[in-house]
Amino acid sequence: MVEEPDSAPSTDDAPAAVPGQGGTAERDNPPAGVAALLRLAAVLVDEDGRIVQWNRAAEELFGHRAEVAHGRTASGLLPAVEPRSASRAGSHPGPPADATAVPRPERPPAGRRCDAFDTLDDLTQLDTPWAGAMAVTDREERLRDVFWWAYPLIEPAGRSLLALATDARPLRTAGPRIAIGERQLPYAATATAQGGFQRLTAAFAPPGQGSAGPLASLLPAGSPRRAQRLLAQLRRAGLPALWMDAGTVLPVLPFEPPAAGTARAAAGLGRRYPTAQQRASRLGPARTEQQPGGRRAEPGRPATARGGSPLGLRVLPPGAPGSGVPGQREGAAGPAPVTPAASSEGDVTIEQAAADPGADGQYRAGPAVPVIPAPGGAPQADQVLPILTDGQAGEQLALLNEVGGKVGTTLDLDTTARELCQVLVPRVADFASVDLLDGLISDSELPATRPDDATMLRRVARTFNAAEGEWEHVLEEGALLAMPRSTPPGMALQLNQPVLVPVVSPDVAVDYAASLSSSPVGGEVLVQVVAGRSMLVLPLSARGTVIGVLKLLRLADRGAFDESDAATLKELAARAALSLDNARLHRAESRVATTLQRSMIPTRPPRIPGVQIAHRYLPGDPRAEVGGDWFDAIQLPGSRVALVVGDVMGHGLHSAAAMGRFRTAMQTLAALDLPPGQLLRHLDNLAHKLGDDHLATCLYAVYDPINRTCELASAGHVPPVLVHPDGTGELLEIPAGAPIGVGGVPFVAKKIDVQDGSMLVLCTDGLVEVRGSDIGAGLAALCGNLIDPKQTPEQACDVVLERLHSDDRKDDVALLVARFDGVAPTEVATWDLAVDTAEVRRARALVREQLAAWHLEAIADTTELLVSELVTNAVRVARDRVQLQLIRVDKLLVEVSDDNHNLPSLEPAEELGETGRGLHLVTSLAERWGTARKAVGKVVWFELPLPRPAARG
């Protein structure tokens with residue numbers, strides 16, 4: 001059923017009610033009042049850290065397509081700028097009774113990189129939601145200001161994360177779309193004189209208030225019971241809201257525009273505007289290959305409808321009159337002149353026009369531009385010229401010259417597209433947009449197949465004449481849209497030819513408005529604006545491949561587009577397409593370098609029991625993401641952690657590549673659990689095998705939170721600073737050694753005792769070395785009362801960079817701060833076992849007794865079973881000793897060690913007999929497990945989550 005624009009919304013297509021959520025009325029009819037309608041991106045990360053929901057709005061906001069995001073690990077997908085530490089206070093479920101306590105808008109600090117989903121996971125670790133602003137880098141390497149609402153969800157399989165997001169830029173500039181009343185009629189907000197909407201930010205409604213039903217469309221498809229459970233958790237936590245000012249907090253409702261460019265979108269525009277498909281069904285199959293009366297179309301004559309009127313659509317093939325630069329003569333083989341005809345609006349659809357070429361095989365659906373015949377009869381090919389005055393020729397040539405000077409001034413794709421639109425509006429058209437193939441924006445290679453109806457375009461730029469027409473409903477930049485061949489843009493894209501619609505008929509207006517509009521109401525408005533106007537769509541083709549379309553629209557206050565305009569603008573589009581393709585290639589090259597660099601530096605400190613870690617990286621070259629400095633924190637058996645800081649001598653991408661090799665080698669050697677001195681020796685030997693391109697300094701430290709010791713070794717690196725619990729700083733005296741790659745110099749380690757509450761500061765020379773001064777001055781400042789031990793490592797990093805780093809530094813800076821908290825002796829249980837199979841029974845009893853003392857009876861059976869399997873394997877291969885250790889921190893860590901260095905391997909189940917199934921049980925029942933070599937022997941470990949309180953609802 002097609003709704004009248006002014007009629008009440010139909011319930012025929014209403015989504016099914018969610019049990020327990022108030023039925024259809026609660027889900028589809030939000031509470032009467034004022035709400036903000038937002039385009040909400042929804043991302044659901046499951047208990048394994050993988051993305052299981054990525055809706056269309058997320059595709060448009062972040063640029064990554066759903067088929068790419070689904071199933072991949074969320075970590076690493078969206079680089080971000082971490083919000084301020086104070087923003088964690090914004091995790092309160094909603095605005096309190098005193099509205100002034102609602103978190104104010106936050107400007108994220110520059111230079112602190114993180115991963116968006118890792119950060120949201122950290123901010124919701126206490127099972128409380130978080131709302132606020134966090135800028136992210138989308139797929140096209142653009143920094144986007146984004147409002148977030150993050151919800152930790154407790155499900156039977158574990159803890160998942162639901163992240164809702166919306167683009168903050170249009171909200172801050174123009175305000176949100178407001179819905180009022182029971183029917184939620186849309187209205188536009190108006191900025192005030194007191195700074196507009198810059199103070200607007202994300203918040204929560206009071207917990208337990210409002211209906212969560214409208215959010216059901218953002219959840220993944222599944223059972224009604226699961227949807228009911230998730231919606232109940234959202235309602236208890238506090239539904240999304242927008243904080244406008246101290247007295248106004250608007251609830252947020254998701255806004256889903258119709259699928260653009262499809263018959264379904266057109267159908268929602270009302271009965272007064274029937275779709276092109278509906279008109280086509282009324283007309284029946286077209287037979288434009290014959291003219292009325294059975295007469296076939298003559299070569300060069302425009303195709304006509306069955307009523308005899310020419311079609312209102314012209315596809316201009318190569319060689320059509322006026323297809324060259326204005327003033328240029330047609331070649332000798334040019335087509336015969338076409339008889340002029342007046343344009344009129346008929347009831348023939350675009351589909352018919354696209355399917356019915358003329359007798360000469362060319363698509364002509366309308367009158368051609370008049371031509372001047374040569375004196376003396378038939379026109380000569382070299383004398384055929386479009387009617388073009390000197391003034392018009394000068395104007396069009398001036399336009400081409402302006403495009404050459406103003407379009408493509410940078411190698412930024414978005415800027416180039418925006419420059420093209422700004423040159424054309426309002427000089428040539430009242431509306432212009434550049435839509436490029438979505439896959440082309442991220443892929444380094446041109447598409448291998450031709451565009452079709454399923455090809456997705458992404459709006460890169462749009463400009464309109466604000467003084468003329470109603471354009472506020474046009475799709476925003478970044479929106480995804482499909483343009484089937486039934487629309488002029490789709491035809492231009494698939495045929496790689498300009499499409500001219502001198503007068504937009506109601507049929508064309510409906511489909512075109514549907515492809516432009518971001519809402520049904522906006523479609524109704526745009527139909528009235530577009531109908532009767534003039535439209536020109538030009539393919540953007542570079543190096544033989546169509547990369548997108550340029551859409552132009554003129555309103556009634558200026559003349560319609562003609563073939564002379566099309567010829568000039570086709571040349572303009574060709575030049576602009578080459579600039580766009582150059583920008584695309586530059587972006588692809590930059591993305592390769594950026595991806596390589598980002599992959600080398602961790603964005604999230606690991607969570608390791610007994611130690612808190614924070615790090616910062618500042619490249620010396622602001623145009624680069626990373627140089628030759630690196631840092632790492634690697635978890636070792638026994639809850640130990642290896643802390644690494646290194647510096648490859650030199651700068652640039654070559655140094656970054658060498659740094660990547662050193663970092664990978666360091667991680668591999670650390671997995672062998674070698675003592676620090678031996679590890680640096682192996683790294684030095686490996687550096688000689690890789691080549692003598694670079695030297696590197698390195699500091700390697702291993703902290704044991706159980707024994708409270710730290711063992712360090714240096715390869716010519718800046719010495720670390722140990723900040724004691726009383727705030728005094730000590731520059732640790734470690735044998736300096738020589739840089740990695742020099743060779744022939746021993747690496748001597750030093751072991752020290754550390755107290756709980758101490759901080760270890762490791763950095764590269766870019767932080768403490770000042771040109772013209774001795775490095776000792778920087779180290780002395782670092783040892784001063786710079787760091788307060790009561791601070792968190794994150795705060796300590798901020799203080800150190802604020803006091804010691806300046807923007808004029810040209811060297812990279814890597815900083816790592818670790819706070820040693822230790823693991824309490826009551827949280828560790830260790831037993832030495834004899835090499836005897838009878839010890840297996842004793843091990844089970846010890847485990848059950850210890851777990852009972854820790855009140856972990858809920859996981860005792862599973863732990864007993866897995867310990868029994870691992871101890872059985874250990875006593876079979878060990879020579880002298882077997883050790884069992886249990887550590888209770890934020891999880892239960894179980895380690896079984898023996899003195900045999902051969903690591904066990906997981907064999908296919910079908911190849912196993914009655915024995916050898918222990919590791920399969922560990923794989924199935926443990927949350928994580930692994931093996932590692934030690935200085936003597938090996939260790940097999942596994943982790944189990946601690947029992948959670950029973951989830952409510």
# chains A, B, ... in the order shown; residues from 1 in each chain; ligands from 1
call {"tool": "residues_around", "arguments": {"residues": "range 800-814 of chain A", "least_positions_apart": "6", "cutoff": "9 Å", "atoms": "only C-alpha atoms", "output": "PyMOL selection string"}}
result
chain A and resi 615-621+626-631+645-647+651+762-768+770-771+778+781-782+786-787
call {"tool": "residues_around", "arguments": {"residues": "Val136 in chain A", "least_positions_apart": "5", "cutoff": "7 Å", "atoms": "only C-alpha atoms", "output": "MDAnalysis selection string"}}
result
chainID A and resid 78:81 116 143:145
call {"tool": "atom_distance", "arguments": {"atom1": "CA of Ala467 in chain A", "atom2": "CA of Val423 in chain A"}}
result
16.6 Å
call {"tool": "residues_around", "arguments": {"residues": "range 146-160 of chain A", "least_positions_apart": "5", "cutoff": "8 Å", "atoms": "only C-alpha atoms", "output": "short mmCIF file (atom, residue, chain, number, x, y, z; two decimals) with C-alpha atoms, in the first residue's frame"}}
result
data_model
loop_
_atom_site.label_atom_id
_atom_site.label_comp_id
_atom_site.auth_asym_id
_atom_site.auth_seq_id
_atom_site.Cartn_x
_atom_site.Cartn_y
_atom_site.Cartn_z
CA LEU A 44 27.84 -5.40 18.29
CA VAL A 45 31.08 -7.05 19.41
CA ASP A 46 30.64 -10.55 20.80
CA GLU A 47 32.38 -12.18 23.74
CA GLY A 49 35.91 -9.66 20.35
CA LEU A 120 35.05 1.54 24.61
CA ASP A 121 35.69 -1.88 26.10
CA THR A 124 32.74 -0.17 30.17
CA GLN A 125 34.85 -2.64 32.16
CA ASP A 127 29.68 -3.13 33.47
CA THR A 128 28.45 0.45 33.33
CA PRO A 129 27.64 2.20 30.04
CA TRP A 130 29.59 5.15 28.71
CA ALA A 131 28.54 8.08 26.53
CA GLY A 132 30.67 10.83 25.10
CA ALA A 133 32.61 12.12 22.10
CA MET A 134 35.54 10.23 20.61
CA ALA A 135 37.03 11.08 17.24
CA VAL A 136 37.81 8.16 14.92
CA ALA A 165 27.39 6.07 17.21
CA THR A 166 26.38 9.10 15.18
CA ASP A 167 28.21 11.79 13.26
CA ALA A 168 28.67 14.75 15.62
CA ARG A 169 29.69 17.31 13.01
CA THR A 201 27.02 15.94 23.65
CA ALA A 202 25.94 12.35 24.17
CA ALA A 203 24.27 11.34 27.43
CA LEU A 230 19.09 -7.15 25.43
CA GLN A 233 19.49 -4.33 29.72
CA LEU A 234 19.57 -1.17 27.63
CA ALA A 237 21.35 1.08 31.89
CA PRO A 240 20.58 7.07 24.53
CA ALA A 951 22.75 -11.75 35.38
#
call {"tool": "select_by_dssp", "arguments": {"residues": "range 511-710 of chain A", "states": "strand (DSSP E or B)", "output": "mmCIF file with N, CA, C and O atoms, in the first residue's frame"}}
result
data_model
loop_
_atom_site.group_PDB
_atom_site.id
_atom_site.type_symbol
_atom_site.label_atom_id
_atom_site.label_comp_id
_atom_site.auth_asym_id
_atom_site.auth_seq_id
_atom_site.Cartn_x
_atom_site.Cartn_y
_atom_site.Cartn_z
ATOM 1 N N SER A 517 17.003 11.698 -1.639
ATOM 2 C CA SER A 517 16.419 12.069 -0.363
ATOM 3 C C SER A 517 16.919 11.188 0.759
ATOM 4 O O SER A 517 17.218 10.014 0.576
ATOM 5 N N SER A 534 15.676 20.879 -15.135
ATOM 6 C CA SER A 534 16.602 20.300 -16.110
ATOM 7 C C SER A 534 17.739 19.595 -15.374
ATOM 8 O O SER A 534 18.260 20.111 -14.384
ATOM 9 N N MET A 535 18.115 18.416 -15.886
ATOM 10 C CA MET A 535 19.122 17.599 -15.211
ATOM 11 C C MET A 535 20.146 17.096 -16.224
ATOM 12 O O MET A 535 19.811 16.764 -17.361
ATOM 13 N N LEU A 536 21.395 17.039 -15.772
ATOM 14 C CA LEU A 536 22.484 16.494 -16.585
ATOM 15 C C LEU A 536 23.354 15.633 -15.685
ATOM 16 O O LEU A 536 23.796 16.077 -14.631
ATOM 17 N N VAL A 537 23.571 14.387 -16.113
ATOM 18 C CA VAL A 537 24.418 13.456 -15.372
ATOM 19 C C VAL A 537 25.597 13.085 -16.256
ATOM 20 O O VAL A 537 25.407 12.638 -17.396
ATOM 21 N N LEU A 538 26.797 13.259 -15.723
ATOM 22 C CA LEU A 538 28.018 13.014 -16.488
ATOM 23 C C LEU A 538 28.828 11.918 -15.824
ATOM 24 O O LEU A 538 29.058 11.961 -14.605
ATOM 25 N N PRO A 539 29.249 10.923 -16.592
ATOM 26 C CA PRO A 539 30.119 9.892 -15.999
ATOM 27 C C PRO A 539 31.506 10.463 -15.734
ATOM 28 O O PRO A 539 32.012 11.287 -16.501
ATOM 29 N N LEU A 540 32.100 10.046 -14.647
ATOM 30 C CA LEU A 540 33.480 10.397 -14.328
ATOM 31 C C LEU A 540 34.345 9.211 -14.711
ATOM 32 O O LEU A 540 34.356 8.188 -14.033
ATOM 33 N N SER A 541 35.024 9.336 -15.821
ATOM 34 C CA SER A 541 35.793 8.219 -16.367
ATOM 35 C C SER A 541 37.256 8.616 -16.456
ATOM 36 O O SER A 541 37.590 9.681 -16.999
ATOM 37 N N ALA A 542 38.117 7.778 -15.901
ATOM 38 C CA ALA A 542 39.559 8.032 -15.915
ATOM 39 C C ALA A 542 40.290 6.759 -16.305
ATOM 40 O O ALA A 542 39.991 5.690 -15.780
ATOM 41 N N THR A 545 38.126 3.702 -17.216
ATOM 42 C CA THR A 545 37.238 3.077 -16.239
ATOM 43 C C THR A 545 36.347 4.139 -15.613
ATOM 44 O O THR A 545 36.823 5.220 -15.246
ATOM 45 N N VAL A 546 35.067 3.831 -15.494
ATOM 46 C CA VAL A 546 34.134 4.733 -14.841
ATOM 47 C C VAL A 546 34.336 4.632 -13.331
ATOM 48 O O VAL A 546 34.255 3.546 -12.753
ATOM 49 N N ILE A 547 34.589 5.778 -12.698
ATOM 50 C CA ILE A 547 34.814 5.776 -11.259
ATOM 51 C C ILE A 547 33.659 6.412 -10.498
ATOM 52 O O ILE A 547 33.624 6.370 -9.268
ATOM 53 N N GLY A 548 32.703 7.003 -11.196
ATOM 54 C CA GLY A 548 31.561 7.607 -10.528
ATOM 55 C C GLY A 548 30.778 8.476 -11.475
ATOM 56 O O GLY A 548 30.934 8.407 -12.705
ATOM 57 N N VAL A 549 29.906 9.321 -10.915
ATOM 58 C CA VAL A 549 29.079 10.216 -11.714
ATOM 59 C C VAL A 549 29.065 11.595 -11.071
ATOM 60 O O VAL A 549 29.185 11.747 -9.852
ATOM 61 N N LEU A 550 28.883 12.588 -11.936
ATOM 62 C CA LEU A 550 28.665 13.970 -11.530
ATOM 63 C C LEU A 550 27.233 14.326 -11.889
ATOM 64 O O LEU A 550 26.842 14.251 -13.060
ATOM 65 N N LYS A 551 26.436 14.701 -10.891
ATOM 66 C CA LYS A 551 25.022 15.023 -11.106
ATOM 67 C C LYS A 551 24.819 16.522 -10.978
ATOM 68 O O LYS A 551 25.264 17.135 -10.005
ATOM 69 N N LEU A 552 24.151 17.086 -11.977
ATOM 70 C CA LEU A 552 23.875 18.513 -12.000
ATOM 71 C C LEU A 552 22.380 18.730 -12.179
ATOM 72 O O LEU A 552 21.719 17.991 -12.917
ATOM 73 N N LEU A 553 21.850 19.781 -11.556
ATOM 74 C CA LEU A 553 20.431 20.091 -11.647
ATOM 75 C C LEU A 553 20.267 21.594 -11.731
ATOM 76 O O LEU A 553 20.904 22.338 -10.973
ATOM 77 N N ARG A 554 19.418 22.023 -12.681
ATOM 78 C CA ARG A 554 19.066 23.435 -12.801
ATOM 79 C C ARG A 554 17.587 23.616 -12.458
ATOM 80 O O ARG A 554 16.755 22.814 -12.885
ATOM 81 N N ILE A 608 47.633 -6.910 32.316
ATOM 82 C CA ILE A 608 48.419 -7.988 32.906
ATOM 83 C C ILE A 608 48.312 -7.860 34.429
ATOM 84 O O ILE A 608 48.493 -6.764 34.977
ATOM 85 N N VAL A 611 50.474 -5.336 37.247
ATOM 86 C CA VAL A 611 51.171 -4.206 36.650
ATOM 87 C C VAL A 611 50.180 -3.399 35.814
ATOM 88 O O VAL A 611 49.322 -3.962 35.134
ATOM 89 N N GLN A 612 50.290 -2.083 35.897
ATOM 90 C CA GLN A 612 49.517 -1.179 35.058
ATOM 91 C C GLN A 612 50.462 -0.513 34.071
ATOM 92 O O GLN A 612 51.536 -0.041 34.459
ATOM 93 N N ILE A 613 50.059 -0.455 32.818
ATOM 94 C CA ILE A 613 50.953 0.013 31.763
ATOM 95 C C ILE A 613 50.260 1.096 30.951
ATOM 96 O O ILE A 613 49.061 1.004 30.654
ATOM 97 N N ALA A 614 51.003 2.126 30.610
ATOM 98 C CA ALA A 614 50.550 3.165 29.690
ATOM 99 C C ALA A 614 51.710 3.528 28.782
ATOM 100 O O ALA A 614 52.874 3.410 29.165
ATOM 101 N N HIS A 615 51.396 3.955 27.573
ATOM 102 C CA HIS A 615 52.470 4.327 26.650
ATOM 103 C C HIS A 615 51.998 5.446 25.735
ATOM 104 O O HIS A 615 50.804 5.677 25.547
ATOM 105 N N ARG A 616 52.959 6.131 25.161
ATOM 106 C CA ARG A 616 52.705 7.202 24.198
ATOM 107 C C ARG A 616 53.741 7.100 23.078
ATOM 108 O O ARG A 616 54.874 6.673 23.295
ATOM 109 N N TYR A 617 53.308 7.525 21.897
ATOM 110 C CA TYR A 617 54.248 7.609 20.775
ATOM 111 C C TYR A 617 53.978 8.903 20.017
ATOM 112 O O TYR A 617 52.837 9.194 19.651
ATOM 113 N N LEU A 618 55.007 9.688 19.786
ATOM 114 C CA LEU A 618 54.907 10.936 19.028
ATOM 115 C C LEU A 618 55.944 10.907 17.917
ATOM 116 O O LEU A 618 57.153 10.904 18.195
ATOM 117 N N ASP A 629 61.182 4.419 16.388
ATOM 118 C CA ASP A 629 61.059 4.073 17.803
ATOM 119 C C ASP A 629 59.931 3.067 18.005
ATOM 120 O O ASP A 629 58.929 3.094 17.279
ATOM 121 N N TRP A 630 60.079 2.213 19.024
ATOM 122 C CA TRP A 630 59.001 1.273 19.323
ATOM 123 C C TRP A 630 58.999 0.937 20.806
ATOM 124 O O TRP A 630 59.958 1.221 21.537
ATOM 125 N N PHE A 631 57.906 0.366 21.241
ATOM 126 C CA PHE A 631 57.762 -0.091 22.620
ATOM 127 C C PHE A 631 56.835 -1.293 22.604
ATOM 128 O O PHE A 631 56.100 -1.530 21.642
ATOM 129 N N ASP A 632 56.883 -2.059 23.674
ATOM 130 C CA ASP A 632 56.058 -3.264 23.742
ATOM 131 C C ASP A 632 55.910 -3.696 25.189
ATOM 132 O O ASP A 632 56.766 -3.381 26.038
ATOM 133 N N ALA A 633 54.840 -4.419 25.463
ATOM 134 C CA ALA A 633 54.618 -5.086 26.743
ATOM 135 C C ALA A 633 54.135 -6.486 26.419
ATOM 136 O O ALA A 633 53.095 -6.652 25.785
ATOM 137 N N ILE A 634 54.903 -7.501 26.826
ATOM 138 C CA ILE A 634 54.660 -8.881 26.420
ATOM 139 C C ILE A 634 54.428 -9.713 27.665
ATOM 140 O O ILE A 634 55.276 -9.734 28.579
ATOM 141 N N GLN A 635 53.314 -10.403 27.729
ATOM 142 C CA GLN A 635 53.016 -11.246 28.884
ATOM 143 C C GLN A 635 53.808 -12.538 28.798
ATOM 144 O O GLN A 635 53.867 -13.187 27.749
ATOM 145 N N VAL A 641 55.879 -9.964 33.065
ATOM 146 C CA VAL A 641 55.698 -9.110 31.898
ATOM 147 C C VAL A 641 57.056 -8.598 31.441
ATOM 148 O O VAL A 641 57.907 -8.242 32.261
ATOM 149 N N ALA A 642 57.251 -8.609 30.126
ATOM 150 C CA ALA A 642 58.463 -8.048 29.530
ATOM 151 C C ALA A 642 58.142 -6.659 29.002
ATOM 152 O O ALA A 642 57.169 -6.475 28.267
ATOM 153 N N LEU A 643 58.952 -5.688 29.378
ATOM 154 C CA LEU A 643 58.796 -4.302 28.951
ATOM 155 C C LEU A 643 59.940 -3.952 28.010
ATOM 156 O O LEU A 643 61.107 -4.182 28.338
ATOM 157 N N VAL A 644 59.604 -3.413 26.848
ATOM 158 C CA VAL A 644 60.602 -3.170 25.811
ATOM 159 C C VAL A 644 60.462 -1.741 25.290
ATOM 160 O O VAL A 644 59.343 -1.263 25.049
ATOM 161 N N VAL A 645 61.592 -1.061 25.119
ATOM 162 C CA VAL A 645 61.646 0.211 24.408
ATOM 163 C C VAL A 645 62.877 0.170 23.518
ATOM 164 O O VAL A 645 63.954 -0.232 23.971
ATOM 165 N N GLY A 646 62.709 0.551 22.240
ATOM 166 C CA GLY A 646 63.837 0.526 21.316
ATOM 167 C C GLY A 646 63.812 1.707 20.379
ATOM 168 O O GLY A 646 62.800 2.406 20.237
ATOM 169 N N ASP A 647 64.947 1.958 19.725
ATOM 170 C CA ASP A 647 65.095 3.112 18.837
ATOM 171 C C ASP A 647 66.027 2.729 17.697
ATOM 172 O O ASP A 647 67.221 2.490 17.913
ATOM 173 N N VAL A 648 65.466 2.640 16.488
ATOM 174 C CA VAL A 648 66.278 2.401 15.294
ATOM 175 C C VAL A 648 66.858 3.737 14.847
ATOM 176 O O VAL A 648 66.138 4.732 14.735
ATOM 177 N N ALA A 696 70.321 -0.232 16.211
ATOM 178 C CA ALA A 696 69.196 0.049 17.099
ATOM 179 C C ALA A 696 69.645 -0.069 18.538
ATOM 180 O O ALA A 696 70.407 -0.974 18.897
ATOM 181 N N THR A 697 69.161 0.856 19.370
ATOM 182 C CA THR A 697 69.324 0.724 20.811
ATOM 183 C C THR A 697 68.072 0.086 21.380
ATOM 184 O O THR A 697 66.990 0.207 20.804
ATOM 185 N N CYS A 698 68.219 -0.597 22.506
ATOM 186 C CA CYS A 698 67.084 -1.334 23.048
ATOM 187 C C CYS A 698 67.273 -1.528 24.548
ATOM 188 O O CYS A 698 68.395 -1.725 25.033
ATOM 189 N N LEU A 699 66.160 -1.478 25.269
ATOM 190 C CA LEU A 699 66.133 -1.782 26.695
ATOM 191 C C LEU A 699 65.069 -2.848 26.923
ATOM 192 O O LEU A 699 63.924 -2.696 26.485
ATOM 193 N N TYR A 700 65.460 -3.922 27.631
ATOM 194 C CA TYR A 700 64.558 -5.050 27.864
ATOM 195 C C TYR A 700 64.498 -5.322 29.359
ATOM 196 O O TYR A 700 65.542 -5.510 30.010
ATOM 197 N N ALA A 701 63.282 -5.296 29.926
ATOM 198 C CA ALA A 701 63.106 -5.514 31.363
ATOM 199 C C ALA A 701 62.016 -6.545 31.582
ATOM 200 O O ALA A 701 61.015 -6.560 30.869
ATOM 201 N N VAL A 702 62.212 -7.410 32.569
ATOM 202 C CA VAL A 702 61.232 -8.436 32.924
ATOM 203 C C VAL A 702 60.840 -8.231 34.383
ATOM 204 O O VAL A 702 61.697 -8.279 35.285
ATOM 205 N N TYR A 703 59.538 -7.981 34.604
ATOM 206 C CA TYR A 703 59.027 -7.769 35.960
ATOM 207 C C TYR A 703 58.266 -9.006 36.417
ATOM 208 O O TYR A 703 57.415 -9.524 35.682
ATOM 209 N N ASP A 704 58.594 -9.463 37.636
ATOM 210 C CA ASP A 704 57.935 -10.610 38.248
ATOM 211 C C ASP A 704 57.061 -10.095 39.390
ATOM 212 O O ASP A 704 57.569 -9.701 40.439
ATOM 213 N N THR A 709 60.510 -8.630 41.635
ATOM 214 C CA THR A 709 61.844 -8.337 41.117
ATOM 215 C C THR A 709 61.725 -7.831 39.694
ATOM 216 O O THR A 709 60.715 -8.071 39.008
ATOM 217 N N CYS A 710 62.745 -7.124 39.248
ATOM 218 C CA CYS A 710 62.798 -6.648 37.871
ATOM 219 C C CYS A 710 64.223 -6.850 37.365
ATOM 220 O O CYS A 710 65.189 -6.377 37.985
#
call {"tool": "closest_residue", "arguments": {"among": "A:Leu731, A:Leu219, A:Val407, A:Ala57", "to": "Glu419 in chain A", "atoms": "only C-alpha atoms"}}
result
A:Val407
call {"tool": "atom_distance", "arguments": {"atom1": "CA of Ile441 in chain A", "atom2": "CA of Ala417 in chain A"}}
result
12.5 Å
call {"tool": "select_by_dssp", "arguments": {"residues": "range 559-680 of chain A", "states": "helix (DSSP H, G or I)", "output": "PyMOL selection string"}}
result
chain A and resi 563-598+637-639+652-671+676-680
call {"tool": "atom_distance", "arguments": {"atom1": "CA of Val504 in chain A", "atom2": "CA of Leu526 in chain A"}}
result
12.1 Å
call {"tool": "residues_around", "arguments": {"residues": "Asp414 in chain A", "least_positions_apart": "6", "cutoff": "10 Å", "atoms": "only C-alpha atoms", "output": "list in words"}}
result
Glu140, Arg142, Val434, Arg459, Val460, Ala461, Glu477, Leu580, Ala583 and Arg584 of chain A
call {"tool": "write_last_selection", "arguments": {"atoms": "N, CA, C and O atoms", "output": "CSV table (one decimal), in the first residue's frame"}}
result
chain,number,residue,atom,x,y,z
A,140,GLU,N,38.5,6.1,4.9
A,140,GLU,CA,39.1,7.0,4.0
A,140,GLU,C,40.1,7.9,4.6
A,140,GLU,O,40.5,8.9,4.1
A,142,ARG,N,39.8,9.9,7.1
A,142,ARG,CA,39.3,11.2,7.6
A,142,ARG,C,39.0,11.1,9.1
A,142,ARG,O,38.5,10.1,9.5
A,434,VAL,N,29.0,14.7,-6.4
A,434,VAL,CA,30.0,13.7,-6.9
A,434,VAL,C,29.8,12.4,-6.1
A,434,VAL,O,30.0,12.4,-4.9
A,459,ARG,N,28.6,9.1,-1.6
A,459,ARG,CA,28.6,10.5,-1.9
A,459,ARG,C,29.8,11.1,-1.3
A,459,ARG,O,30.0,11.1,0.0
A,460,VAL,N,30.7,11.7,-2.1
A,460,VAL,CA,31.9,12.3,-1.7
A,460,VAL,C,31.8,13.8,-1.5
A,460,VAL,O,32.4,14.3,-0.6
A,461,ALA,N,31.0,14.4,-2.3
A,461,ALA,CA,30.8,15.9,-2.2
A,461,ALA,C,29.5,16.3,-2.7
A,461,ALA,O,28.9,15.6,-3.6
A,477,GLU,N,27.1,14.0,2.7
A,477,GLU,CA,28.4,13.4,2.2
A,477,GLU,C,28.7,12.2,3.0
A,477,GLU,O,28.5,12.2,4.3
A,580,LEU,N,40.5,13.4,-9.8
A,580,LEU,CA,40.0,12.5,-8.8
A,580,LEU,C,40.8,11.2,-8.7
A,580,LEU,O,41.0,10.6,-7.7
A,583,ALA,N,44.1,11.6,-7.1
A,583,ALA,CA,43.9,11.7,-5.7
A,583,ALA,C,43.7,10.3,-5.1
A,583,ALA,O,44.1,10.0,-4.0
A,584,ARG,N,42.9,9.5,-5.8
A,584,ARG,CA,42.6,8.1,-5.3
A,584,ARG,C,43.9,7.3,-5.3
A,584,ARG,O,44.2,6.6,-4.3
call {"tool": "closest_residue", "arguments": {"among": "A:Glu769, A:Asp821, A:Glu711, A:Asp435", "to": "Leu481 in chain A", "atoms": "only C-alpha atoms"}}
result
A:Asp435
call {"tool": "residues_around", "arguments": {"residues": "range 824-837 of chain A", "least_positions_apart": "4", "cutoff": "9 Å", "atoms": "only C-alpha atoms", "output": "ChimeraX atom specification"}}
result
/A:610,705-706,841-843,846,850,854,871-872,874-889
call {"tool": "residues_around", "arguments": {"residues": "Leu925 in chain A", "least_positions_apart": "3", "cutoff": "8 Å", "atoms": "only C-alpha atoms", "output": "CSV table (one decimal) with all heavy atoms, in the first residue's frame"}}
result
chain,number,residue,atom,x,y,z
A,862,THR,N,35.8,-28.1,36.3
A,862,THR,CA,36.5,-27.8,35.1
A,862,THR,C,38.0,-27.7,35.3
A,862,THR,O,38.8,-28.3,34.6
A,862,THR,CB,36.0,-26.6,34.4
A,862,THR,OG1,34.6,-26.7,34.2
A,862,THR,CG2,36.7,-26.3,33.1
A,921,LEU,N,40.7,-31.2,25.3
A,921,LEU,CA,39.8,-30.8,26.4
A,921,LEU,C,40.2,-29.3,26.8
A,921,LEU,O,39.3,-28.5,27.1
A,921,LEU,CB,40.0,-31.7,27.6
A,921,LEU,CG,39.4,-33.1,27.4
A,921,LEU,CD1,39.7,-34.0,28.6
A,921,LEU,CD2,37.9,-33.0,27.3
A,922,VAL,N,41.5,-29.0,26.9
A,922,VAL,CA,41.9,-27.7,27.3
A,922,VAL,C,41.4,-26.7,26.2
A,922,VAL,O,40.9,-25.6,26.6
A,922,VAL,CB,43.4,-27.6,27.4
A,922,VAL,CG1,43.9,-26.2,27.6
A,922,VAL,CG2,43.9,-28.5,28.5
